[in-house]
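Below: one structure, written as structure tokens.
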There are 2 protein chains.
Amino acid sequence: MRGFEPTEFAARTQRLQSSMAAEGLDAILVTTEADVRYITGFLTRFWESPSRAWYVIVPASGNPIAVIPSIGAALMGTTWVEDIRTWRAPDLQDDGVSLLSSTLDEVLGGSGGRVGLPAGHETNLRMPLQDFWALQALRPERAFVSDGNIVRSARSVKSGAEIEKIRHSCAVTGRAFDRLGEVLTVGTTMAQLYRGFQQLCLDEGADFVTYVAGGTGAWGYGDIIAPADGTVVAAGNVVMLDTGVIVDGYFADFDRNFSVGKPPRQDVQDAFARLWEATDAGFAAAKPGARASDLFAAMDQVVTGGKNSADTGRFGHGLGLQLTEWPSLIPDEHVELTPGMVLTLEPSIDTGGGQGDILVHEENIVITETGAAWLTPRSGPEIRVLHPA
Amino acid sequence: MRGFEPTEFAARTQRLQSSMAAEGLDAILVTTEADVRYITGFLTRFWESPSRAWYVIVPASGNPIAVIPSIGAALMGTTWVEDIRTWRAPDLQDDGVSLLSSTLDEVLGGSGGRVGLPAGHETNLRMPLQDFWALQALRPERAFVSDGNIVRSARSVKSGAEIEKIRHSCAVTGRAFDRLGEVLTVGTTMAQLYRGFQQLCLDEGADFVTYVAGGTGAWGYGDIIAPADGTVVAAGNVVMLDTGVIVDGYFADFDRNFSVGKPPRQDVQDAFARLWEATDAGFAAAKPGARASDLFAAMDQVVTGGKNSADTGRFGHGLGLQLTEWPSLIPDEHVELTPGMVLTLEPSIDTGGGQGDILVHEENIVITETGAAWLTPRSGPEIRVLHPA
């Protein structure tokens with residue numbers, strides 16, 4: 001099934017509302033693709049255009065209200081949201097600001113009130129600053145404050161229906177990786193590989209492939225976020241592909257390492273084996289009550305002996321409506337894991353070539369009542385060799 | 001050639017700096033993918049992850065300074081930027097804020113100064129609000145103000161090298177549209193069509209296809225931003241596909257209307273002919289000194305007789321590093337067009353079916369010294385019929 005039942009969105013709204021009371025918020029205002037979609041189900045690639053702002057208000061009680069450009073009214077009308085207010089955007093004089101402000105007046109029963117905005121890490125305010133300043137100036141007595149991370153916390157715990165969507169995206173991506181030999185052989189350029197891999201993902205059922213990164217080299221790769229280029233894959237070099245694949249609005253985010261023609265050098269194989277063991281250790285540590293930092297520590301113990309020296313900054317993160325979500329698996333993140341949290345395990349390791357080349361390996365998991373479960377069709381413990389000679 | 005010569009970025013920086021003086025700004029701070037890339041050339045899909053903030057400062061004189069997570073240091077090191085300062089992100093205590101603040105101190109020669117931020121339409125501040133508030137609190141005497149739209153104005157006028165990239169993206173997309181019959185026939189679902197079209201774009205040289213929208217129906221379509229669904233294309237119904245295709249970081253953004261098996265009903269054909277004429281009128285009006293509003297008026301005269309009643313809100317927009325950029329072609333936008341501006345002409349028309357169904361047609365143009373030039377391989381004046389019976 002595409003989308004969700006209205007009960008799913010009602011439950012999300014109620015969860016936010018129960019946290020709002022504790023935070024002393026009279027309403028929450030969200031502006032980003034992921035937050036708006038979480039609350040409403042509004043799914044479109046139109047967010048790729050920065051020209052229009054979209055606002056959704058969650059009142060202290062009752063259903064959300066959408067304040068959006070008229071071009072989105074028909075699509076928002078297909079969601080569970082019933083109170084949809086529109087303006088014709090873009091409007092250079094008043095691009096929805098007074099409509100948003102008066103809607104807040106109505107929701108808050110006056111010109112004051114405390115409005116929570118997602119303000120922590122992984123968030124941003126997706127509206128022009130001049131319009132935010134104007135919104136504040138219209139009602140100086142209204143407080144626009146941090147939402148106390150209510151929205152990100154709610155989003156971090158996935159429902160069963162959400163988990164199935166992520167599992168499906170992972171399966172689609174896994175089938176594409178299984179077929180990688182169709183587009184990767186000795187002499188393939190990284191640019192050809194990026195394109196061919198995206199086509200395989202689409203073939204297997206992806207809606208969109210918005211993230212591909214990778215690297216190749218004898219000792220691994222120095223950069224894991226670079227765009228495709230004309231670099232040619234050589235026999236025995238390791239090739240990594242990392243991807244963000246969307247089906248029905250939910251991401252898979254994992255990578256695979258390959259070599260072509262012959263296995264990579266033994267040092268690289270050994271490093272990969274340790275990296276794979278690190279995901280084992282992360283998985284074993286993943287259970288309700290464990291902290292994000294515990295998963296980091298378990299993986300870091302395997303790859304650096306506990307030195308915390310990886311330059312990638314973290315060993316995994318939340319996953320769902322966005323390619324990366326809160327929380328990060330880092331030493332300082334002590335949030336307790338709860339059933340329904342979807343995470344990536346993404347350790348990296350220096351392969352010892354002396355040039356800073358690394359390997360990265362990534363899997364996706366969900367926290368269950370008793371431990372964790374793999375969402376990705378897990379990689380084997382050895383780098384897979386395509387087209388062995 | 002991929003990317004640009006360093007002279008391109010030096011020219012962009014100098015253009016910004018000459019406008020900064022007029023605006024009374026001591027520095028500009030940018031945070032978004034498009035703005036950071038415009039100034040530095042930093043090209044990656046990693047922006048799909050909201051977890052890390054990226055900062056680039058343009059001082060009043062001298063070269064830009066990047067303040068970025070260490071995971072991006074290698075890639076930023078391949079650009080023309082020499083002054084790259086990094087922190088290991090994510091850092092829950094201080095995610096680059098004090099590094100950014102102290103770098104601003106250095107650039108501004110003290111704890112004050114006026115820092116311009118892109119703040120107008122089509123912009124947003126891509127950093128957590130809590131970090132922006134912290135940045136302001138660290139230096140209460142420093143003014144963070146609107147950049148006076150300097151960055152969007154600079155970006156709106158493309159260099160010859162940029163225009164060639166957009167022309168290339170348009171050509172890639174045009175070849176994919178030429179082959180649409182390979183993936184669209186009677187009985188194809190919209191979901192299959194979206195996938196197949198993306199594969200054709202990749203086949204023809206797209207790096208990424210981040211935007212696809214469309215619609216189908218006997219009288220046109222009521223919604224032009226909806227995601228794909230299981231709707232089956234029927235013989236003689238019109239099918240519209242609109243797309244954002246990226247090659248080397250520059251977008252093409254145009255649509256095409258088709259029918260399958262047999263031509264659409266005559267009313268729809270007639271409406272399309274008028275829509276096509278509207279793009280003719282828009283093109284004829286497009287020249288240096290004309291205003292964005294003049295192009296709107298020319299097209300609106302053809303499609304509504306000058307009533308300005310189209311609910312899509314505008315009849316075109318800027319295009320380049322983003323799918324849509326400033327300016328909008330609307331009655332209130334009176335900016336004068338100058339050579340190098342790349343625009344879409346995107347009128348819509350009610351087909352008269354009584355259900356609000358419309359047709360949308362879109363082409364991409366560039367303003368030249370004497371008028372305008374098409375960047376898209378222009379559509380013919382009739383809806384193209386695939387697989388005619």
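Labels for the structure tokens follow display order: chains A, B, ..., residues from 1 in each chain, ligands from 1.
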
Inset, instruction - Can you check which residues of chain B have any atom within 6 Å of chain A? Use only C-alpha atoms and format it as a ChimeraX atom specification. - result: /B:44-46,49-51,71,88-89,119-124,126-130,195,199,202,211,225-227,312-313,323-324

Go ahead and write the residues just picked, N, CA and C atoms, as a short mmCIF file (atom, residue, chain, number, x, y, z; two decimals), in the first residue's frame.
```
data_model
loop_
_atom_site.label_atom_id
_atom_site.label_comp_id
_atom_site.auth_asym_id
_atom_site.auth_seq_id
_atom_site.Cartn_x
_atom_site.Cartn_y
_atom_site.Cartn_z
N THR B 44 28.35 18.11 -4.54
CA THR B 44 28.14 16.78 -3.95
C THR B 44 26.66 16.62 -3.70
N ARG B 45 26.19 15.37 -3.70
CA ARG B 45 24.79 15.11 -3.33
C ARG B 45 24.64 15.00 -1.81
N PHE B 46 25.73 15.23 -1.08
CA PHE B 46 25.73 15.01 0.36
C PHE B 46 24.77 15.96 1.09
N SER B 49 21.69 14.93 3.08
CA SER B 49 21.73 14.70 4.52
C SER B 49 21.63 16.02 5.27
N PRO B 50 20.62 16.17 6.13
CA PRO B 50 20.47 17.44 6.86
C PRO B 50 21.37 17.53 8.09
N SER B 51 22.21 16.53 8.31
CA SER B 51 22.90 16.44 9.59
C SER B 51 24.03 17.44 9.76
N ILE B 71 34.44 16.04 7.23
CA ILE B 71 34.13 15.04 6.21
C ILE B 71 34.14 15.65 4.81
N ARG B 88 34.95 18.62 13.52
CA ARG B 88 34.43 17.26 13.37
C ARG B 88 32.96 17.24 13.75
N ALA B 89 32.11 17.12 12.75
CA ALA B 89 30.66 17.16 12.95
C ALA B 89 30.08 15.76 12.84
N ALA B 119 18.06 36.37 2.32
CA ALA B 119 16.88 36.40 3.18
C ALA B 119 15.57 36.56 2.41
N GLY B 120 15.66 36.77 1.10
CA GLY B 120 14.46 37.03 0.32
C GLY B 120 13.82 35.74 -0.20
N HIS B 121 12.85 35.92 -1.08
CA HIS B 121 12.18 34.76 -1.65
C HIS B 121 13.17 33.84 -2.35
N GLU B 122 12.87 32.58 -2.36
CA GLU B 122 13.68 31.48 -2.90
C GLU B 122 14.86 31.14 -1.98
N THR B 123 14.98 31.80 -0.81
CA THR B 123 16.11 31.49 0.07
C THR B 123 15.64 30.88 1.38
N ASN B 124 16.57 30.24 2.05
CA ASN B 124 16.35 29.91 3.46
C ASN B 124 17.71 29.80 4.13
N ARG B 126 20.10 27.60 5.94
CA ARG B 126 20.25 26.16 6.16
C ARG B 126 21.24 25.91 7.30
N MET B 127 20.76 26.21 8.49
CA MET B 127 21.50 25.87 9.70
C MET B 127 20.45 25.77 10.79
N PRO B 128 20.70 24.98 11.82
CA PRO B 128 19.70 24.89 12.88
C PRO B 128 19.46 26.27 13.50
N LEU B 129 18.20 26.57 13.75
CA LEU B 129 17.86 27.84 14.39
C LEU B 129 18.61 28.03 15.69
N GLN B 130 18.75 26.95 16.47
CA GLN B 130 19.45 27.08 17.75
C GLN B 130 20.89 27.54 17.53
N ARG B 195 9.32 6.18 -13.75
CA ARG B 195 10.56 5.39 -13.66
C ARG B 195 11.25 5.29 -15.01
N GLN B 199 14.99 6.65 -16.31
CA GLN B 199 16.01 5.77 -16.89
C GLN B 199 16.48 6.30 -18.24
N LEU B 202 18.85 9.18 -17.60
CA LEU B 202 20.18 8.69 -17.19
C LEU B 202 20.92 8.14 -18.40
N TYR B 211 13.58 15.71 -9.98
CA TYR B 211 12.19 16.18 -10.04
C TYR B 211 11.49 15.54 -11.22
N ILE B 225 1.77 18.75 -9.48
CA ILE B 225 2.90 18.46 -8.59
C ILE B 225 2.78 17.09 -7.92
N ALA B 226 1.77 16.30 -8.32
CA ALA B 226 1.49 15.04 -7.62
C ALA B 226 2.55 13.99 -7.92
N PRO B 227 2.75 13.07 -6.97
CA PRO B 227 3.67 11.97 -7.22
C PRO B 227 3.02 10.93 -8.14
N THR B 312 -1.83 28.50 -11.08
CA THR B 312 -0.47 28.02 -10.85
C THR B 312 0.41 29.12 -10.25
N GLY B 313 -0.06 30.37 -10.34
CA GLY B 313 0.61 31.45 -9.63
C GLY B 313 1.65 32.20 -10.44
N LEU B 323 16.33 24.14 -9.47
CA LEU B 323 15.22 23.87 -10.39
C LEU B 323 14.43 25.13 -10.66
N THR B 324 14.23 25.93 -9.64
CA THR B 324 13.58 27.22 -9.83
C THR B 324 14.38 28.25 -9.06
#
```

Identify, on the basis of only C-alpha atoms, every residue whose closest approach to B:Leu359 does not exceed 9 Å; exclude the query and any residue fewer than 3 positions from it along the same chain; express the result as a PDB file with C-alpha atoms, in the first residue's frame.
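The new file selection14.pdb reads:
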```pdb
ATOM      1  CA  TRP B 219      -9.183  17.233 -20.552  1.00  0.00           C
ATOM      2  CA  GLY B 220      -5.701  17.702 -19.128  1.00  0.00           C
ATOM      3  CA  TYR B 221      -4.845  17.416 -15.443  1.00  0.00           C
ATOM      4  CA  GLY B 222      -5.906  19.102 -12.242  1.00  0.00           C
ATOM      5  CA  VAL B 238      -3.119  13.851 -22.754  1.00  0.00           C
ATOM      6  CA  MET B 240       2.255  15.621 -19.254  1.00  0.00           C
ATOM      7  CA  ASN B 257       2.678  16.897 -23.437  1.00  0.00           C
ATOM      8  CA  VAL B 268      -7.407  20.015 -25.848  1.00  0.00           C
ATOM      9  CA  ALA B 271      -5.843  24.745 -25.942  1.00  0.00           C
ATOM     10  CA  PHE B 272      -2.347  23.429 -26.498  1.00  0.00           C
ATOM     11  CA  LEU B 275      -0.450  27.601 -24.947  1.00  0.00           C
ATOM     12  CA  PRO B 347       2.200  29.239 -19.072  1.00  0.00           C
ATOM     13  CA  SER B 348      -0.826  27.164 -18.163  1.00  0.00           C
ATOM     14  CA  ILE B 349      -4.319  27.164 -19.622  1.00  0.00           C
ATOM     15  CA  ASP B 350      -7.741  25.952 -18.580  1.00  0.00           C
ATOM     16  CA  THR B 351      -8.930  23.499 -21.218  1.00  0.00           C
TER      17      THR B 351
END
```

Inset, instruction - Figure out the distance between atom CA of A:Phe258 and atom CA of A:Trp276, please, to one decimal in Å. - result: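 If I compute the distance from atom CA of A:Trp276 to atom CA of A:Phe258, I get 13.6 Å.
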
Legend entry - Members of stretch 89-210 of chain B assigned helix (DSSP H, G or I) by DSSP, as an NGL selection string: :B and (97-108 or 129-138 or 150-156 or 160-178 or 180-182 or 190-203)

Go ahead and dump the residues you just picked, C-alpha atoms, as an mmCIF file, in the first residue's frame.
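Below you can see out-v5.cif, which holds the result:
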```
data_model
loop_
_atom_site.group_PDB
_atom_site.id
_atom_site.type_symbol
_atom_site.label_atom_id
_atom_site.label_comp_id
_atom_site.auth_asym_id
_atom_site.auth_seq_id
_atom_site.Cartn_x
_atom_site.Cartn_y
_atom_site.Cartn_z
ATOM 1 C CA VAL B 97 29.297 27.766 15.805
ATOM 2 C CA SER B 98 32.288 29.067 17.735
ATOM 3 C CA LEU B 99 34.592 28.327 14.779
ATOM 4 C CA LEU B 100 32.255 30.258 12.491
ATOM 5 C CA SER B 101 32.016 33.116 14.975
ATOM 6 C CA SER B 102 35.763 33.414 15.476
ATOM 7 C CA THR B 103 36.315 33.261 11.722
ATOM 8 C CA LEU B 104 33.867 36.146 11.343
ATOM 9 C CA ASP B 105 35.798 38.041 14.041
ATOM 10 C CA GLU B 106 38.943 37.611 11.996
ATOM 11 C CA VAL B 107 37.292 38.605 8.711
ATOM 12 C CA LEU B 108 35.548 41.611 10.249
ATOM 13 C CA LEU B 129 17.858 27.845 14.385
ATOM 14 C CA GLN B 130 19.448 27.084 17.755
ATOM 15 C CA ASP B 131 22.880 27.500 16.163
ATOM 16 C CA PHE B 132 21.871 30.754 14.480
ATOM 17 C CA TRP B 133 20.578 32.053 17.813
ATOM 18 C CA ALA B 134 23.841 30.960 19.457
ATOM 19 C CA LEU B 135 25.869 32.684 16.741
ATOM 20 C CA GLN B 136 23.972 35.917 17.369
ATOM 21 C CA ALA B 137 24.286 35.570 21.132
ATOM 22 C CA LEU B 138 28.079 35.130 20.913
ATOM 23 C CA ILE B 150 22.841 40.447 -3.695
ATOM 24 C CA VAL B 151 23.418 36.720 -3.978
ATOM 25 C CA ARG B 152 20.231 35.935 -5.870
ATOM 26 C CA SER B 153 20.823 38.859 -8.217
ATOM 27 C CA ALA B 154 24.358 37.730 -8.954
ATOM 28 C CA ARG B 155 23.228 34.157 -9.507
ATOM 29 C CA SER B 156 20.432 35.199 -11.861
ATOM 30 C CA GLY B 160 28.699 31.756 -20.866
ATOM 31 C CA ALA B 161 30.048 28.624 -19.203
ATOM 32 C CA GLU B 162 26.932 28.295 -17.050
ATOM 33 C CA ILE B 163 24.644 28.778 -20.038
ATOM 34 C CA GLU B 164 26.454 25.991 -21.883
ATOM 35 C CA LYS B 165 25.866 23.661 -18.927
ATOM 36 C CA ILE B 166 22.148 24.443 -18.861
ATOM 37 C CA ARG B 167 21.957 24.027 -22.626
ATOM 38 C CA HIS B 168 23.597 20.630 -22.235
ATOM 39 C CA SER B 169 21.134 19.565 -19.516
ATOM 40 C CA CYS B 170 18.289 20.653 -21.788
ATOM 41 C CA ALA B 171 19.699 18.627 -24.681
ATOM 42 C CA VAL B 172 19.999 15.509 -22.501
ATOM 43 C CA THR B 173 16.401 15.939 -21.353
ATOM 44 C CA GLY B 174 15.220 16.605 -24.883
ATOM 45 C CA ARG B 175 16.727 13.341 -26.124
ATOM 46 C CA ALA B 176 14.975 11.485 -23.300
ATOM 47 C CA PHE B 177 11.649 13.052 -24.289
ATOM 48 C CA ASP B 178 12.324 12.080 -27.930
ATOM 49 C CA LEU B 180 9.457 8.549 -24.541
ATOM 50 C CA GLY B 181 7.584 6.110 -26.771
ATOM 51 C CA GLU B 182 9.959 3.415 -25.459
ATOM 52 C CA MET B 190 2.093 6.896 -14.317
ATOM 53 C CA ALA B 191 4.425 5.147 -11.870
ATOM 54 C CA GLN B 192 5.961 3.106 -14.689
ATOM 55 C CA LEU B 193 6.238 6.246 -16.791
ATOM 56 C CA TYR B 194 8.057 8.230 -14.086
ATOM 57 C CA ARG B 195 10.558 5.389 -13.663
ATOM 58 C CA GLY B 196 11.044 4.752 -17.344
ATOM 59 C CA PHE B 197 11.537 8.416 -18.072
ATOM 60 C CA GLN B 198 14.185 8.741 -15.375
ATOM 61 C CA GLN B 199 16.014 5.774 -16.886
ATOM 62 C CA LEU B 200 15.939 7.398 -20.319
ATOM 63 C CA CYS B 201 17.341 10.627 -18.847
ATOM 64 C CA LEU B 202 20.179 8.692 -17.188
ATOM 65 C CA ASP B 203 20.770 6.847 -20.446
#
```

Inset, instruction - Work out how far atom CA of A:Arg12 is from atom CA of A:Val247, in Å to one decimal. - result: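 These two atoms are separated by 20.6 Å.
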
Legend entry - Distance of atom CA of B:Asp294 from atom CA of B:Leu319, expressed in Å to one decimal place: 18.2 Å

Inset, instruction - Show which residues sit within 10 Å of B:Ala10, as a list in words. Count only C-alpha atoms, and ignore same-chain residues fewer than 2 positions away. - result: Glu5, Pro6, Thr7, Glu8, Arg12, Thr13, Gln14, Arg15, Leu16, Ile39, Thr40, Gly62, Asn63, Pro64, Trp80 and Val81 of chain B

Within 6 Å of A:Thr188, counting only C-alpha atoms, which residues qualify if same-chain residues fewer than 2 places away don't, as a compact mmCIF listing (two decimals) with C-alpha atoms, in the first residue's frame?
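That gives us selection.txt:
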```txt
# COMPACT_ATOMS: atom_id res chain seq x y z
CA LEU A 184 30.37 -2.56 -13.29
CA THR A 185 33.36 -4.27 -14.80
CA VAL A 186 37.05 -3.50 -15.22
CA VAL A 232 38.29 4.13 -14.25
CA VAL A 233 37.81 1.09 -12.06
```

Inset, instruction - Extract, using only C-alpha atoms, all DNA, RNA and protein residues at most 8 Å from A:Leu25, discarding same-chain residues fewer than 5 positions from it, and format them as a list in words. - result: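 The filter keeps Met20, Ala60, Gly113, Arg114, Val115, Gly116 and Asp147 of chain A.
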
Could you dump the residues just selected with C-alpha atoms as a compact mmCIF listing (two decimals), in the first residue's frame?
```txt
# COMPACT_ATOMS: atom_id res chain seq x y z
CA MET A 20 3.80 19.90 23.57
CA ALA A 60 -2.42 22.02 21.27
CA GLY A 113 1.29 32.24 22.73
CA ARG A 114 4.36 30.06 22.49
CA VAL A 115 5.03 28.55 19.07
CA GLY A 116 7.58 25.76 18.87
CA ASP A 147 10.19 22.94 20.00
```
